[in-house]
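What follows is the content of structure-v2.cif, which has mmCIF, N, CA and C atoms:
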```cif
data_run
#
loop_
_atom_site.label_atom_id
_atom_site.label_comp_id
_atom_site.auth_asym_id
_atom_site.auth_seq_id
_atom_site.Cartn_x
_atom_site.Cartn_y
_atom_site.Cartn_z
N VAL A 1 -0.45 13.99 1.27
CA VAL A 1 -0.42 12.55 1.49
C VAL A 1 -1.04 11.90 0.26
N LEU A 2 -0.35 10.92 -0.30
CA LEU A 2 -0.86 10.16 -1.44
C LEU A 2 -1.31 8.79 -0.96
N VAL A 3 -2.52 8.40 -1.33
CA VAL A 3 -3.05 7.08 -0.98
C VAL A 3 -3.30 6.34 -2.28
N HIS A 4 -2.50 5.32 -2.53
CA HIS A 4 -2.65 4.51 -3.73
C HIS A 4 -3.63 3.39 -3.42
N MET A 5 -4.61 3.20 -4.31
CA MET A 5 -5.63 2.19 -4.02
C MET A 5 -6.22 1.59 -5.29
N SER A 6 -6.84 0.43 -5.09
CA SER A 6 -7.61 -0.23 -6.12
C SER A 6 -8.99 -0.49 -5.54
N VAL A 7 -10.02 -0.14 -6.29
CA VAL A 7 -11.40 -0.29 -5.85
C VAL A 7 -12.14 -1.18 -6.84
N ARG A 8 -12.83 -2.20 -6.32
CA ARG A 8 -13.59 -3.11 -7.18
C ARG A 8 -15.06 -3.07 -6.78
N ASN A 9 -15.93 -3.03 -7.75
CA ASN A 9 -17.37 -3.05 -7.51
C ASN A 9 -17.82 -4.50 -7.34
N VAL A 10 -18.22 -4.85 -6.13
CA VAL A 10 -18.67 -6.22 -5.85
C VAL A 10 -20.19 -6.30 -5.85
N GLY A 11 -20.86 -5.20 -6.19
CA GLY A 11 -22.32 -5.15 -6.21
C GLY A 11 -22.89 -5.63 -7.53
N ASP A 12 -24.19 -5.40 -7.70
CA ASP A 12 -24.88 -5.85 -8.91
C ASP A 12 -25.35 -4.69 -9.79
N ARG A 13 -24.87 -3.47 -9.47
CA ARG A 13 -25.18 -2.30 -10.30
C ARG A 13 -23.98 -1.35 -10.29
N ALA A 14 -23.93 -0.51 -11.30
CA ALA A 14 -22.83 0.45 -11.39
C ALA A 14 -22.84 1.38 -10.17
N GLN A 15 -21.66 1.75 -9.72
CA GLN A 15 -21.54 2.61 -8.54
C GLN A 15 -20.52 3.71 -8.86
N LEU A 16 -20.87 4.93 -8.48
CA LEU A 16 -19.98 6.05 -8.72
C LEU A 16 -18.97 6.15 -7.58
N PHE A 17 -17.68 6.11 -7.92
CA PHE A 17 -16.63 6.31 -6.94
C PHE A 17 -16.09 7.72 -7.11
N SER A 18 -16.10 8.48 -6.03
CA SER A 18 -15.63 9.85 -6.07
C SER A 18 -14.57 10.07 -5.00
N ASP A 19 -13.47 10.68 -5.37
CA ASP A 19 -12.42 10.95 -4.38
C ASP A 19 -12.93 11.89 -3.29
N SER A 20 -13.89 12.75 -3.62
CA SER A 20 -14.38 13.72 -2.64
C SER A 20 -15.20 13.08 -1.52
N SER A 21 -15.55 11.81 -1.64
CA SER A 21 -16.28 11.11 -0.57
C SER A 21 -15.34 10.42 0.42
N GLN A 22 -14.04 10.49 0.19
CA GLN A 22 -13.07 9.78 1.01
C GLN A 22 -12.44 10.73 2.03
N LYS A 23 -12.08 10.21 3.20
CA LYS A 23 -11.55 11.05 4.29
C LYS A 23 -10.31 10.42 4.92
N LEU A 24 -9.39 11.28 5.36
CA LEU A 24 -8.29 10.87 6.24
C LEU A 24 -8.64 11.41 7.62
N ILE A 25 -8.35 10.66 8.66
CA ILE A 25 -8.65 11.07 10.02
C ILE A 25 -7.36 11.02 10.83
N ASP A 26 -7.11 12.10 11.59
CA ASP A 26 -5.90 12.13 12.41
C ASP A 26 -6.20 11.59 13.81
N VAL A 27 -5.17 11.49 14.64
CA VAL A 27 -5.30 10.90 15.97
C VAL A 27 -6.20 11.74 16.89
N GLN A 28 -6.45 12.99 16.54
CA GLN A 28 -7.34 13.84 17.33
C GLN A 28 -8.77 13.82 16.80
N GLY A 29 -9.02 13.00 15.77
CA GLY A 29 -10.36 12.86 15.22
C GLY A 29 -10.71 13.88 14.14
N ARG A 30 -9.77 14.74 13.77
CA ARG A 30 -10.03 15.71 12.71
C ARG A 30 -10.04 15.00 11.35
N GLN A 31 -10.96 15.42 10.47
CA GLN A 31 -11.09 14.80 9.16
C GLN A 31 -10.51 15.72 8.08
N TYR A 32 -9.88 15.09 7.10
CA TYR A 32 -9.31 15.80 5.96
C TYR A 32 -9.92 15.22 4.69
N ASP A 33 -10.46 16.10 3.85
CA ASP A 33 -11.06 15.68 2.58
C ASP A 33 -9.97 15.49 1.52
N ALA A 34 -10.25 14.61 0.58
CA ALA A 34 -9.34 14.46 -0.56
C ALA A 34 -9.36 15.76 -1.35
N ASP A 35 -8.23 16.10 -1.94
CA ASP A 35 -8.07 17.34 -2.68
C ASP A 35 -8.18 17.04 -4.18
N SER A 36 -9.39 17.16 -4.71
CA SER A 36 -9.64 16.83 -6.12
C SER A 36 -8.85 17.73 -7.06
N GLY A 37 -8.73 19.00 -6.72
CA GLY A 37 -7.99 19.93 -7.58
C GLY A 37 -6.52 19.58 -7.67
N ALA A 38 -5.92 19.27 -6.53
CA ALA A 38 -4.50 18.88 -6.53
C ALA A 38 -4.30 17.58 -7.30
N ALA A 39 -5.24 16.66 -7.16
CA ALA A 39 -5.13 15.38 -7.88
C ALA A 39 -5.25 15.60 -9.39
N ALA A 40 -6.16 16.46 -9.81
CA ALA A 40 -6.36 16.72 -11.24
C ALA A 40 -5.13 17.36 -11.87
N ILE A 41 -4.48 18.24 -11.11
CA ILE A 41 -3.30 18.94 -11.64
C ILE A 41 -2.06 18.05 -11.60
N SER A 42 -1.84 17.37 -10.47
CA SER A 42 -0.59 16.62 -10.31
C SER A 42 -0.65 15.21 -10.86
N LEU A 43 -1.86 14.65 -11.00
CA LEU A 43 -2.01 13.28 -11.50
C LEU A 43 -3.08 13.24 -12.59
N PRO A 44 -2.81 13.83 -13.77
CA PRO A 44 -3.84 13.95 -14.81
C PRO A 44 -4.38 12.61 -15.33
N GLU A 45 -3.64 11.54 -15.21
CA GLU A 45 -4.09 10.23 -15.67
C GLU A 45 -4.80 9.45 -14.56
N ASN A 46 -5.00 10.08 -13.41
CA ASN A 46 -5.60 9.44 -12.25
C ASN A 46 -7.05 9.06 -12.54
N SER A 47 -7.45 7.86 -12.13
CA SER A 47 -8.81 7.41 -12.41
C SER A 47 -9.68 7.32 -11.16
N THR A 48 -9.24 7.88 -10.04
CA THR A 48 -10.06 7.82 -8.83
C THR A 48 -10.81 9.12 -8.56
N LEU A 49 -10.70 10.10 -9.44
CA LEU A 49 -11.39 11.37 -9.19
C LEU A 49 -12.90 11.20 -9.22
N LEU A 50 -13.42 10.66 -10.26
CA LEU A 50 -14.86 10.48 -10.42
C LEU A 50 -15.03 9.39 -11.47
N ASN A 51 -15.45 8.22 -11.02
CA ASN A 51 -15.47 7.09 -11.93
C ASN A 51 -16.70 6.24 -11.67
N ASN A 52 -17.46 5.93 -12.72
CA ASN A 52 -18.60 5.05 -12.61
C ASN A 52 -18.11 3.62 -12.86
N ILE A 53 -18.12 2.80 -11.82
CA ILE A 53 -17.56 1.45 -11.90
C ILE A 53 -18.70 0.44 -12.07
N LYS A 54 -18.65 -0.31 -13.15
CA LYS A 54 -19.66 -1.33 -13.41
C LYS A 54 -19.40 -2.56 -12.55
N PRO A 55 -20.44 -3.36 -12.30
CA PRO A 55 -20.27 -4.57 -11.47
C PRO A 55 -19.14 -5.46 -11.98
N GLY A 56 -18.29 -5.89 -11.06
CA GLY A 56 -17.16 -6.76 -11.39
C GLY A 56 -15.92 -6.02 -11.86
N ASN A 57 -16.04 -4.75 -12.22
CA ASN A 57 -14.90 -3.98 -12.69
C ASN A 57 -14.18 -3.31 -11.52
N SER A 58 -12.95 -2.88 -11.78
CA SER A 58 -12.19 -2.19 -10.75
C SER A 58 -11.47 -0.99 -11.36
N VAL A 59 -11.05 -0.10 -10.49
CA VAL A 59 -10.29 1.07 -10.89
C VAL A 59 -9.13 1.22 -9.92
N THR A 60 -7.98 1.62 -10.44
CA THR A 60 -6.80 1.85 -9.62
C THR A 60 -6.39 3.30 -9.78
N GLY A 61 -6.03 3.92 -8.67
CA GLY A 61 -5.62 5.32 -8.73
C GLY A 61 -5.06 5.81 -7.42
N THR A 62 -4.95 7.11 -7.30
CA THR A 62 -4.33 7.73 -6.14
C THR A 62 -5.21 8.85 -5.61
N LEU A 63 -5.47 8.82 -4.30
CA LEU A 63 -6.15 9.92 -3.63
C LEU A 63 -5.10 10.88 -3.10
N VAL A 64 -5.37 12.18 -3.19
CA VAL A 64 -4.44 13.21 -2.73
C VAL A 64 -5.11 13.97 -1.58
N PHE A 65 -4.40 14.06 -0.46
CA PHE A 65 -4.88 14.79 0.72
C PHE A 65 -3.85 15.85 1.10
N ASP A 66 -4.33 17.05 1.42
CA ASP A 66 -3.47 18.13 1.89
C ASP A 66 -3.64 18.21 3.40
N VAL A 67 -2.62 17.76 4.12
CA VAL A 67 -2.66 17.75 5.59
C VAL A 67 -1.43 18.47 6.13
N PRO A 68 -1.52 19.02 7.35
CA PRO A 68 -0.35 19.67 7.95
C PRO A 68 0.84 18.71 8.05
N ALA A 69 2.03 19.26 8.00
CA ALA A 69 3.25 18.45 7.96
C ALA A 69 3.41 17.50 9.13
N ASN A 70 3.07 17.90 10.34
CA ASN A 70 3.34 17.06 11.51
C ASN A 70 2.12 16.32 12.03
N VAL A 71 1.07 16.25 11.26
CA VAL A 71 -0.14 15.57 11.72
C VAL A 71 0.10 14.07 11.79
N GLN A 72 -0.46 13.43 12.82
CA GLN A 72 -0.37 11.97 12.94
C GLN A 72 -1.70 11.39 12.47
N LEU A 73 -1.64 10.61 11.41
CA LEU A 73 -2.85 10.04 10.82
C LEU A 73 -3.22 8.75 11.52
N ALA A 74 -4.51 8.53 11.69
CA ALA A 74 -5.00 7.35 12.39
C ALA A 74 -5.79 6.40 11.49
N ALA A 75 -6.55 6.96 10.53
CA ALA A 75 -7.43 6.10 9.74
C ALA A 75 -7.76 6.73 8.39
N LEU A 76 -8.16 5.87 7.49
CA LEU A 76 -8.69 6.26 6.19
C LEU A 76 -10.13 5.81 6.19
N GLU A 77 -11.06 6.71 5.86
CA GLU A 77 -12.48 6.35 5.83
C GLU A 77 -12.93 6.36 4.38
N LEU A 78 -13.36 5.21 3.89
CA LEU A 78 -13.75 5.06 2.49
C LEU A 78 -15.26 4.91 2.37
N HIS A 79 -15.82 5.55 1.36
CA HIS A 79 -17.27 5.55 1.13
C HIS A 79 -17.56 5.17 -0.32
N ASP A 80 -18.61 4.38 -0.51
CA ASP A 80 -19.01 4.05 -1.88
C ASP A 80 -19.96 5.11 -2.45
N SER A 81 -20.40 6.03 -1.60
CA SER A 81 -21.20 7.16 -2.04
C SER A 81 -21.13 8.22 -0.94
N PRO A 82 -21.51 9.45 -1.24
CA PRO A 82 -21.46 10.49 -0.21
C PRO A 82 -22.40 10.21 0.97
N PHE A 83 -23.37 9.32 0.78
CA PHE A 83 -24.37 9.06 1.82
C PHE A 83 -24.17 7.75 2.57
N SER A 84 -23.13 7.01 2.24
CA SER A 84 -22.90 5.74 2.91
C SER A 84 -22.22 5.95 4.26
N GLY A 85 -22.34 4.95 5.13
CA GLY A 85 -21.68 5.01 6.43
C GLY A 85 -20.17 4.87 6.32
N GLY A 86 -19.72 4.26 5.25
CA GLY A 86 -18.29 4.10 5.01
C GLY A 86 -17.67 3.01 5.87
N VAL A 87 -16.40 2.80 5.65
CA VAL A 87 -15.62 1.84 6.41
C VAL A 87 -14.30 2.50 6.79
N LYS A 88 -13.88 2.32 8.04
CA LYS A 88 -12.61 2.89 8.51
C LYS A 88 -11.52 1.86 8.43
N ILE A 89 -10.39 2.28 7.89
CA ILE A 89 -9.20 1.43 7.82
C ILE A 89 -8.16 2.08 8.73
N THR A 90 -7.73 1.37 9.75
CA THR A 90 -6.73 1.88 10.68
C THR A 90 -5.37 1.96 9.99
N LEU A 91 -4.69 3.07 10.18
CA LEU A 91 -3.35 3.25 9.62
C LEU A 91 -2.31 3.01 10.70
N LYS A 92 -1.24 2.35 10.34
CA LYS A 92 -0.15 2.08 11.28
C LYS A 92 0.96 3.09 11.03
N SER A 93 1.57 3.57 12.11
CA SER A 93 2.64 4.55 11.93
C SER A 93 3.99 3.89 11.80
#
```

Would you write out, as structure tokens, the structure that this file holds?
Amino acid sequence: VLVHMSVRNVGDRAQLFSDSSQKLIDVQGRQYDADSGAAAISLPENSTLLNNIKPGNSVTGTLVFDVPANVQLAALELHDSPFSGGVKITLKS
């Protein structure tokens, strides 16, 4: 699954954005981590792998997730750091 996104730093200090902190969640509540290796190989110009974003700046890129073929996805959970509570975005089928 490819998730195309743009991330902007609205804070007052630089923030590290890492694809490995992002999750896909299926309808059964199972979580899938972004696949950094697949992204590095298939999207070498991708800027969402690991990026230090300064205040007011943004980055656009693609997250890559390896999920089973028939899984029904329910949400994308985005984090500004590995320790943040994150925000869930509901996905429509």

- Using CA of Val71 in chain A and CA of Phe83 in chain A as the two end points, give the distance in Å to one decimal.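 Those two atoms sit 27.0 Å apart.
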
- Message: Considering only alpha helix (DSSP H) as DSSP defines it on the backbone, what residues of chain A qualify? List them as a PyMOL selection string.
- Response: chain A and resi 36-42

- Compile the contact shell of Met5 in chain A as a ChimeraX atom specification: residues with an atom at most 7 Å away, counting all atoms listed in the file, same-chain residues fewer than 2 positions apart removed. /A:3,7,59-63

- Using all atoms listed in the file, determine which residues lie at most 7 Å from Gly56 in chain A, disregarding the query and same-chain residues fewer than 2 positions distant; provide the list as an NGL selection string. :A and (8-12 or 53-54 or 58)

Would you pick out the contacts of Ser81 in chain A at 7 Å or less, using only N, CA and C atoms, so that residues sharing its chain but fewer than 5 positions from it are not included, and give the list as a short mmCIF file (atom, residue, chain, number, x, y, z; two decimals) with N, CA and C atoms, in the coordinates of the input?
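As a result, selection32.cif now contains:
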```
data_model
loop_
_atom_site.label_atom_id
_atom_site.label_comp_id
_atom_site.auth_asym_id
_atom_site.auth_seq_id
_atom_site.Cartn_x
_atom_site.Cartn_y
_atom_site.Cartn_z
N LEU A 16 -20.87 4.93 -8.48
CA LEU A 16 -19.98 6.05 -8.72
C LEU A 16 -18.97 6.15 -7.58
N PHE A 17 -17.68 6.11 -7.92
CA PHE A 17 -16.63 6.31 -6.94
C PHE A 17 -16.09 7.72 -7.11
N SER A 18 -16.10 8.48 -6.03
CA SER A 18 -15.63 9.85 -6.07
C SER A 18 -14.57 10.07 -5.00
N SER A 21 -15.55 11.81 -1.64
CA SER A 21 -16.28 11.11 -0.57
C SER A 21 -15.34 10.42 0.42
#
```

- Message: One decimal, in Å: what's the spacing between atom N of Leu24 in chain A and atom C of Asn51 in chain A?
- Response: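 Result for atom N of Leu24 in chain A versus atom C of Asn51 in chain A: 19.2 Å, one decimal.
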
- On this file, the PyMOL selection byres ((chain A and resi 33) around 6) gives some set of residues; write that set as a PyMOL selection string. chain A and resi 22-24+31-32+34-35+64-66

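When atom N of Asn70 in chain A is paired with CA of Asp19 in chain A, their separation reads 22.5 Å.
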
- Item | Among listed residues A:Ser20, A:Ser36, A:Ser6, A:Gln28, nearest Pro82 in chain A (using all atoms listed in the file) | A:Ser20

List the residues sitting within 8 Å of (-0.1, 1.5, 12.4) in the file's frame, using all atoms listed in the file, as a CSV table (one decimal) with N, CA and C atoms, keeping the file's coordinate frame.
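Output saved as selection11.csv:
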```
chain,number,residue,atom,x,y,z
A,73,LEU,N,-1.6,10.6,11.4
A,73,LEU,CA,-2.8,10.0,10.8
A,73,LEU,C,-3.2,8.8,11.5
A,74,ALA,N,-4.5,8.5,11.7
A,74,ALA,CA,-5.0,7.4,12.4
A,74,ALA,C,-5.8,6.4,11.5
A,90,THR,N,-7.7,1.4,9.8
A,90,THR,CA,-6.7,1.9,10.7
A,90,THR,C,-5.4,2.0,10.0
A,91,LEU,N,-4.7,3.1,10.2
A,91,LEU,CA,-3.4,3.2,9.6
A,91,LEU,C,-2.3,3.0,10.7
A,92,LYS,N,-1.2,2.4,10.3
A,92,LYS,CA,-0.2,2.1,11.3
A,92,LYS,C,1.0,3.1,11.0
A,93,SER,N,1.6,3.6,12.1
A,93,SER,CA,2.6,4.6,11.9
A,93,SER,C,4.0,3.9,11.8
```
